[in-house]
Amino acid sequence: MARLVMKFGGTSVANIERIRNVARHVKREVDAGHEVAVVVSAMSGATNQLVAWCREAAPMHDAREYDAVVASGEQVTSGLLAIVLQEMGVNARSWQGWQIPIRTDGSHGAARIAGIDGAFMVERLKQGQVAVVAGFQGIAPDNRISTLGRGGSDTSAVAIAAAIQADRCDIYTDVDGVYTTDPRIVPKARRLDRVAFEEMLEMASLGAKVLQVRSVEMAMVHGVRTFVRSSFDDPDAPQTGKDGLPPGTLICDEDELVEQQVVTGIAFAKDEAQISIRNVPDQPGVAGAVFGPLADANINVDMIVQNITPDGKTTDITFTVPESDYDRALKVLEDNRTTLGYAAVEGARDVVKVSVIGIGMRSHAGVAAQCFRGLAEKGINIRAITTSEIKISVLIDSAYTELAVRTLHSLYGLDG
């Protein structure tokens with residue numbers, strides 16, 4: 001017998017028929033003798049509708065009332081799933097975030113989990129009751145409902161798994177696992193059996209949309225073994241595949257990996273924009289003067305390249321920001337032009353960040369050289385480069401996205 005947390009996303013609970021299918025997955029685990037907690041998202045499209053109503057009511061609405069509205073989507077789903085499970089003869093009860101309670105900070109609309117007291121839930125699980133939890137929500141210090149931001153149900157699930165000391169957190173989604181890259185770009189992409197927490201964190205932050213970044217961070221910190229699998233698989237299908245695990249991808253500690261490839265996957269992010277500041281005076285503190293105001297405006301800066309001009313008196317600084325923050329970043333720089341003393345600002349939205357990821361890179365030389373050589377042979381120019389122990393990221397023109405991803409995928413032997 002194990003203690004499991006099962007999380008189902010919006011497409012998995014999009015209508016009553018799909019909720020019945022989810023209930024069959026849950027009943028299977030209950031019938032196997034497991035203690036089960038389920039975390040659900042709002043039905044597909046429901047959150048978008050609730051957000052649209054808030055904006056229609058008042059474009060500059062109160063964040064606390066926004067949370068009260070948008071959190072209702074998960075409340076509906078949890079109640080409906082509990083009803084269906086009860087109809088199937090499963091002892092189930094719905095829970096809202098405040099009933100557990102999931103305590104968060106006061107950042108309404110994008111709250112972070114501060115702590116969870118799982119004792120009461122564990123007591124119910126031991127009695128054989130299935131807890132159906134509304135994801136994405138908690139309770140803030142002001143005693144009002146708070147929400148965790150987009151993808152917050154993944155974070156809810158992992159946090160609850162840590163709080164109740166679950167043996168595993170199963171994330172059911174509309175894909176059957178984590179792939180070496182997007183199969184829509186590379187048909188030969190392979191599903192990975194296991195991925196280390198660090199690799200998944202890089203993949204999630206660099207464009208892979210399978211899991212929300214904060215949920216992977218939390219899983220890594222608390223050592224929550226997380227399993228990504230498809231909710232559209234037949235609930236009655238055999239549940240043991242390779243290594244005795246169900247079909248899908250296990251995200252786990254590096255020690256659990258049977259074999260380590262040099263490169264695990266290729267990720268890409270299209271929502272990037274490049275900004276170059278020309279002829280900034282080359283003197284101590286210039287970088288702080290440039291990036292301080294951007295940080296104050298909560299604009300994340302990623303890739304940074306600095307070049308000294310031939311005369312040694314000025315420097316050019318190039319960096320990337322999220323495409324959604326591009327216009328705001330330009331305005332911040334313009335507002336600080338007198339202080340910075342730059343000659344011009346240039347920018348580009350038609351760029352993409354392509355990343356090579358793998359913990360095996362720590363112990364293998366020449367991985368970066370392979371990447372640069374392979375792209376050069378295809379005539380792909382690199383605008384910027386950043387590296388870490390397990391990652392190489394290059395910024396290129398977006399027109400070359402598919403060519404670059406396919407080239408690198410083949411180059412590192414990832415084709416199935």
# chains A, B, ... in the order shown; residues from 1 in each chain; ligands from 1

$ residues_around --residues "Ser215 of chain A" --least-positions-apart "3" --cutoff "10 Å" --atoms "only C-alpha atoms" --output "PyMOL selection string"
chain A and resi 151-159+201+204+211-212+218-221+226

$ write_last_selection --atoms "C-alpha atoms" --output "compact mmCIF listing (two decimals), in the first residue's frame"
# COMPACT_ATOMS: atom_id res chain seq x y z
CA GLY A 151 -0.08 26.37 -13.40
CA GLY A 152 -0.53 26.62 -9.65
CA SER A 153 -2.36 23.30 -9.38
CA ASP A 154 0.90 21.47 -10.13
CA THR A 155 2.50 23.35 -7.23
CA SER A 156 -0.48 22.56 -4.98
CA ALA A 157 -0.14 18.85 -5.76
CA VAL A 158 3.60 18.65 -5.04
CA ALA A 159 3.25 20.74 -1.86
CA LEU A 201 13.83 22.30 -13.68
CA ALA A 204 10.54 23.62 -17.50
CA LEU A 211 5.25 21.05 -15.67
CA GLN A 212 5.12 24.42 -13.96
CA MET A 218 9.28 22.29 -4.73
CA ALA A 219 9.61 18.63 -5.74
CA MET A 220 13.41 18.97 -5.80
CA VAL A 221 13.60 20.74 -2.43
CA THR A 226 6.90 13.06 -9.38

$ residues_around --residues "Asn300 of chain A" --least-positions-apart "2" --cutoff "10 Å" --atoms "only C-alpha atoms" --output "list in words"
Phe291, Leu294, Ala295, Asp296, Ala297, Asn298, Asp302, Thr320, Val321, Pro322, Asp325 and Ala329 of chain A

$ residues_around --residues "Thr387 of chain A" --least-positions-apart "6" --cutoff "10 Å" --atoms "only C-alpha atoms" --output "list in words"
Met303, Ser355, Val356, Ile357, Ala368, Ser393 and Val394 of chain A

$ write_last_selection --atoms "N, CA and C atoms" --output "compact mmCIF listing (two decimals), in the first residue's frame"
# COMPACT_ATOMS: atom_id res chain seq x y z
N MET A 303 19.82 36.22 -20.68
CA MET A 303 21.13 36.13 -21.31
C MET A 303 21.77 37.52 -21.38
N SER A 355 17.97 25.51 -26.02
CA SER A 355 18.84 25.04 -24.93
C SER A 355 19.10 23.54 -25.02
N VAL A 356 20.34 23.19 -24.74
CA VAL A 356 20.78 21.79 -24.65
C VAL A 356 20.94 21.48 -23.16
N ILE A 357 20.27 20.42 -22.67
CA ILE A 357 20.21 20.15 -21.24
C ILE A 357 20.63 18.71 -20.94
N ALA A 368 29.61 21.86 -25.73
CA ALA A 368 29.33 23.19 -26.27
C ALA A 368 29.91 23.34 -27.68
N SER A 393 22.60 27.45 -23.57
CA SER A 393 21.51 28.14 -24.25
C SER A 393 22.08 29.09 -25.29
N VAL A 394 21.47 29.09 -26.47
CA VAL A 394 21.87 30.01 -27.53
C VAL A 394 20.65 30.79 -28.00

$ closest_residue --among "A:Glu402, A:Asp350, A:Asp31, A:Glu199" --to "Arg383 of chain A" --atoms "only C-alpha atoms"
A:Asp350

$ closest_residue --among "A:Val286, A:Val36, A:Val51, A:Ala110" --to "Gln127 of chain A" --atoms "only C-alpha atoms"
A:Val36

$ closest_atom_pairs --of "segment 211-240 of chain A" --to "segment 163-186 of chain A" --cutoff "7 Å" --atoms "only C-alpha atoms" --output "JSON lines"
{"residue": "A:Val224", "atom": "CA", "partner": "A:Arg168", "partner_atom": "CA", "distance": 6.5}
{"residue": "A:Arg225", "atom": "CA", "partner": "A:Arg168", "partner_atom": "CA", "distance": 5.2}
{"residue": "A:Thr226", "atom": "CA", "partner": "A:Cys169", "partner_atom": "CA", "distance": 4.7}
{"residue": "A:Phe227", "atom": "CA", "partner": "A:Asp170", "partner_atom": "CA", "distance": 4.6}
{"residue": "A:Val228", "atom": "CA", "partner": "A:Ile171", "partner_atom": "CA", "distance": 4.8}
{"residue": "A:Arg229", "atom": "CA", "partner": "A:Asp176", "partner_atom": "CA", "distance": 4.6}
{"residue": "A:Ser230", "atom": "CA", "partner": "A:Asp176", "partner_atom": "CA", "distance": 4.2}
{"residue": "A:Ser231", "atom": "CA", "partner": "A:Tyr172", "partner_atom": "CA", "distance": 5.0}
{"residue": "A:Phe232", "atom": "CA", "partner": "A:Asp174", "partner_atom": "CA", "distance": 6.9}

$ write_last_selection --atoms "all heavy atoms" --output "mmCIF file, in the first residue's frame"
data_model
loop_
_atom_site.group_PDB
_atom_site.id
_atom_site.type_symbol
_atom_site.label_atom_id
_atom_site.label_comp_id
_atom_site.auth_asym_id
_atom_site.auth_seq_id
_atom_site.Cartn_x
_atom_site.Cartn_y
_atom_site.Cartn_z
ATOM 1 N N VAL A 224 10.204 15.033 -3.573
ATOM 2 C CA VAL A 224 8.946 14.384 -3.938
ATOM 3 C C VAL A 224 9.091 13.728 -5.316
ATOM 4 O O VAL A 224 9.223 14.425 -6.329
ATOM 5 C CB VAL A 224 7.778 15.397 -3.963
ATOM 6 C CG1 VAL A 224 6.492 14.714 -4.429
ATOM 7 C CG2 VAL A 224 7.580 16.024 -2.592
ATOM 8 N N ARG A 225 9.089 12.419 -5.345
ATOM 9 C CA ARG A 225 9.149 11.706 -6.630
ATOM 10 C C ARG A 225 7.871 12.020 -7.402
ATOM 11 O O ARG A 225 6.761 11.802 -6.908
ATOM 12 C CB ARG A 225 9.290 10.199 -6.401
ATOM 13 C CG ARG A 225 10.576 9.826 -5.697
ATOM 14 C CD ARG A 225 10.581 8.395 -5.214
ATOM 15 N NE ARG A 225 11.016 7.476 -6.279
ATOM 16 C CZ ARG A 225 10.268 6.525 -6.800
ATOM 17 N NH1 ARG A 225 9.015 6.363 -6.385
ATOM 18 N NH2 ARG A 225 10.743 5.717 -7.733
ATOM 19 N N THR A 226 8.030 12.557 -8.599
ATOM 20 C CA THR A 226 6.900 13.064 -9.383
ATOM 21 C C THR A 226 6.812 12.297 -10.688
ATOM 22 O O THR A 226 7.818 12.108 -11.378
ATOM 23 C CB THR A 226 7.074 14.572 -9.653
ATOM 24 O OG1 THR A 226 7.253 15.248 -8.400
ATOM 25 C CG2 THR A 226 5.866 15.154 -10.357
ATOM 26 N N PHE A 227 5.607 11.863 -11.013
ATOM 27 C CA PHE A 227 5.417 11.028 -12.198
ATOM 28 C C PHE A 227 4.485 11.734 -13.178
ATOM 29 O O PHE A 227 3.361 12.107 -12.813
ATOM 30 C CB PHE A 227 4.824 9.679 -11.766
ATOM 31 C CG PHE A 227 5.077 8.574 -12.731
ATOM 32 C CD1 PHE A 227 6.297 7.924 -12.759
ATOM 33 C CD2 PHE A 227 4.103 8.188 -13.638
ATOM 34 C CE1 PHE A 227 6.539 6.904 -13.657
ATOM 35 C CE2 PHE A 227 4.336 7.179 -14.540
ATOM 36 C CZ PHE A 227 5.552 6.524 -14.548
ATOM 37 N N VAL A 228 4.939 11.948 -14.392
ATOM 38 C CA VAL A 228 4.126 12.597 -15.429
ATOM 39 C C VAL A 228 3.542 11.514 -16.327
ATOM 40 O O VAL A 228 4.283 10.714 -16.908
ATOM 41 C CB VAL A 228 4.966 13.579 -16.275
ATOM 42 C CG1 VAL A 228 4.103 14.211 -17.362
ATOM 43 C CG2 VAL A 228 5.581 14.659 -15.389
ATOM 44 N N ARG A 229 2.227 11.494 -16.440
ATOM 45 C CA ARG A 229 1.577 10.456 -17.241
ATOM 46 C C ARG A 229 0.292 10.995 -17.861
ATOM 47 O O ARG A 229 -0.176 12.078 -17.505
ATOM 48 C CB ARG A 229 1.289 9.230 -16.386
ATOM 49 C CG ARG A 229 0.487 9.505 -15.144
ATOM 50 C CD ARG A 229 0.362 8.289 -14.252
ATOM 51 N NE ARG A 229 -0.260 7.182 -14.962
ATOM 52 C CZ ARG A 229 -0.612 6.045 -14.373
ATOM 53 N NH1 ARG A 229 -0.369 5.866 -13.086
ATOM 54 N NH2 ARG A 229 -1.175 5.082 -15.061
ATOM 55 N N SER A 230 -0.300 10.246 -18.779
ATOM 56 C CA SER A 230 -1.469 10.716 -19.520
ATOM 57 C C SER A 230 -2.771 10.325 -18.829
ATOM 58 O O SER A 230 -2.954 9.166 -18.442
ATOM 59 C CB SER A 230 -1.464 10.145 -20.938
ATOM 60 O OG SER A 230 -2.670 10.477 -21.609
ATOM 61 N N SER A 231 -3.675 11.290 -18.719
ATOM 62 C CA SER A 231 -4.997 10.986 -18.156
ATOM 63 C C SER A 231 -5.889 10.312 -19.193
ATOM 64 O O SER A 231 -6.958 9.799 -18.845
ATOM 65 C CB SER A 231 -5.661 12.273 -17.659
ATOM 66 O OG SER A 231 -5.875 13.156 -18.739
ATOM 67 N N PHE A 232 -5.458 10.317 -20.456
ATOM 68 C CA PHE A 232 -6.280 9.735 -21.515
ATOM 69 C C PHE A 232 -5.972 8.263 -21.761
ATOM 70 O O PHE A 232 -6.602 7.621 -22.601
ATOM 71 C CB PHE A 232 -6.119 10.548 -22.804
ATOM 72 C CG PHE A 232 -6.538 11.986 -22.638
ATOM 73 C CD1 PHE A 232 -5.666 13.017 -22.880
ATOM 74 C CD2 PHE A 232 -7.821 12.311 -22.202
ATOM 75 C CE1 PHE A 232 -6.038 14.353 -22.709
ATOM 76 C CE2 PHE A 232 -8.212 13.622 -22.020
ATOM 77 C CZ PHE A 232 -7.320 14.648 -22.283
#

$ select_by_dssp --residues "segment 295-333 of chain A" --states "alpha helix (DSSP H)" --output "ChimeraX atom specification"
/A:295-296,326-333

$ residues_around --residues "Asp67 of chain A" --least-positions-apart "5" --cutoff "12 Å" --atoms "only C-alpha atoms" --output "JSON, numbers by chain"
{"A": [47, 50, 51, 54, 61, 62, 72, 73, 74, 106, 107, 108, 109, 110, 111, 136, 137, 138, 139, 140, 144, 145, 146, 147, 148, 149]}

$ write_last_selection --atoms "C-alpha atoms" --output "short mmCIF file (atom, residue, chain, number, x, y, z; two decimals), in the first residue's frame"
data_model
loop_
_atom_site.label_atom_id
_atom_site.label_comp_id
_atom_site.auth_asym_id
_atom_site.auth_seq_id
_atom_site.Cartn_x
_atom_site.Cartn_y
_atom_site.Cartn_z
CA THR A 47 -10.32 30.09 -15.55
CA LEU A 50 -13.50 33.94 -14.94
CA VAL A 51 -10.47 36.18 -15.61
CA CYS A 54 -13.05 40.23 -13.79
CA HIS A 61 -9.86 45.24 -10.08
CA ASP A 62 -9.02 44.38 -6.47
CA SER A 72 -14.18 29.12 -7.88
CA GLY A 73 -13.23 27.13 -11.00
CA GLU A 74 -11.30 24.53 -8.99
CA GLY A 106 -0.20 37.83 0.78
CA SER A 107 0.66 38.20 -2.93
CA HIS A 108 -2.88 37.77 -4.23
CA GLY A 109 -2.96 36.41 -7.78
CA ALA A 110 0.59 35.03 -7.56
CA ALA A 111 0.90 33.76 -3.98
CA PHE A 136 -4.30 26.57 -7.37
CA GLN A 137 -5.52 28.09 -4.10
CA GLY A 138 -4.78 28.65 -0.43
CA ILE A 139 -5.44 31.11 2.34
CA ALA A 140 -3.47 34.33 2.77
CA ARG A 144 -8.88 35.51 2.42
CA ILE A 145 -8.62 33.05 -0.49
CA SER A 146 -5.37 33.40 -2.44
CA THR A 147 -4.36 31.89 -5.79
CA LEU A 148 -0.95 30.65 -6.88
CA GLY A 149 -0.77 31.94 -10.47
#

$ residues_around --residues "Arg93 of chain A" --least-positions-apart "6" --cutoff "10 Å" --atoms "only C-alpha atoms" --output "list of chain:residue names"
A:Ala37, A:Ser78, A:Gly79, A:Leu81, A:Ala82, A:Ile83, A:Leu85, A:Gln86, A:Arg124, A:Gln129, A:Val130, A:Ala131, A:Val132, A:Val133

$ atom_distance --atom1 "atom CA of Val40 of chain A" --atom2 "atom CA of Gly9 of chain A"
6.2 Å

$ closest_residue --among "A:Ala52, A:Cys252, A:Leu333, A:Ala237" --to "Ser276 of chain A" --atoms "only C-alpha atoms"
A:Leu333

$ residues_around --residues "Arg103 of chain A" --least-positions-apart "2" --cutoff "8 Å" --atoms "only C-alpha atoms" --output "JSON, numbers by chain"
{"A": [98, 101, 105, 113, 114, 115, 116, 138, 139, 140, 141]}

$ write_last_selection --atoms "C-alpha atoms" --output "mmCIF file, in the first residue's frame"
data_model
loop_
_atom_site.group_PDB
_atom_site.id
_atom_site.type_symbol
_atom_site.label_atom_id
_atom_site.label_comp_id
_atom_site.auth_asym_id
_atom_site.auth_seq_id
_atom_site.Cartn_x
_atom_site.Cartn_y
_atom_site.Cartn_z
ATOM 1 C CA TRP A 98 -8.441 26.989 3.189
ATOM 2 C CA PRO A 101 -5.212 24.652 5.242
ATOM 3 C CA ASP A 105 1.895 34.762 1.544
ATOM 4 C CA ILE A 113 2.942 28.565 -0.386
ATOM 5 C CA ALA A 114 4.244 29.270 3.128
ATOM 6 C CA GLY A 115 3.217 25.999 4.775
ATOM 7 C CA ILE A 116 0.687 23.165 4.882
ATOM 8 C CA GLY A 138 -4.782 28.647 -0.431
ATOM 9 C CA ILE A 139 -5.445 31.110 2.344
ATOM 10 C CA ALA A 140 -3.470 34.334 2.775
ATOM 11 C CA PRO A 141 -2.471 36.026 6.091
#

$ select_by_dssp --residues "segment 236-380 of chain A" --states "strand (DSSP E or B)" --output "ChimeraX atom specification"
/A:249-252,265-281,304-308,314-322,344-357

$ closest_residue --among "A:Leu375, A:Ala58, A:Ala343, A:Ile359" --to "Asp253 of chain A" --atoms "only C-alpha atoms"
A:Ile359

$ closest_residue --among "A:Ile304, A:Met60, A:Ile396, A:Leu340" --to "Ala376 of chain A" --atoms "only C-alpha atoms"
A:Ile396
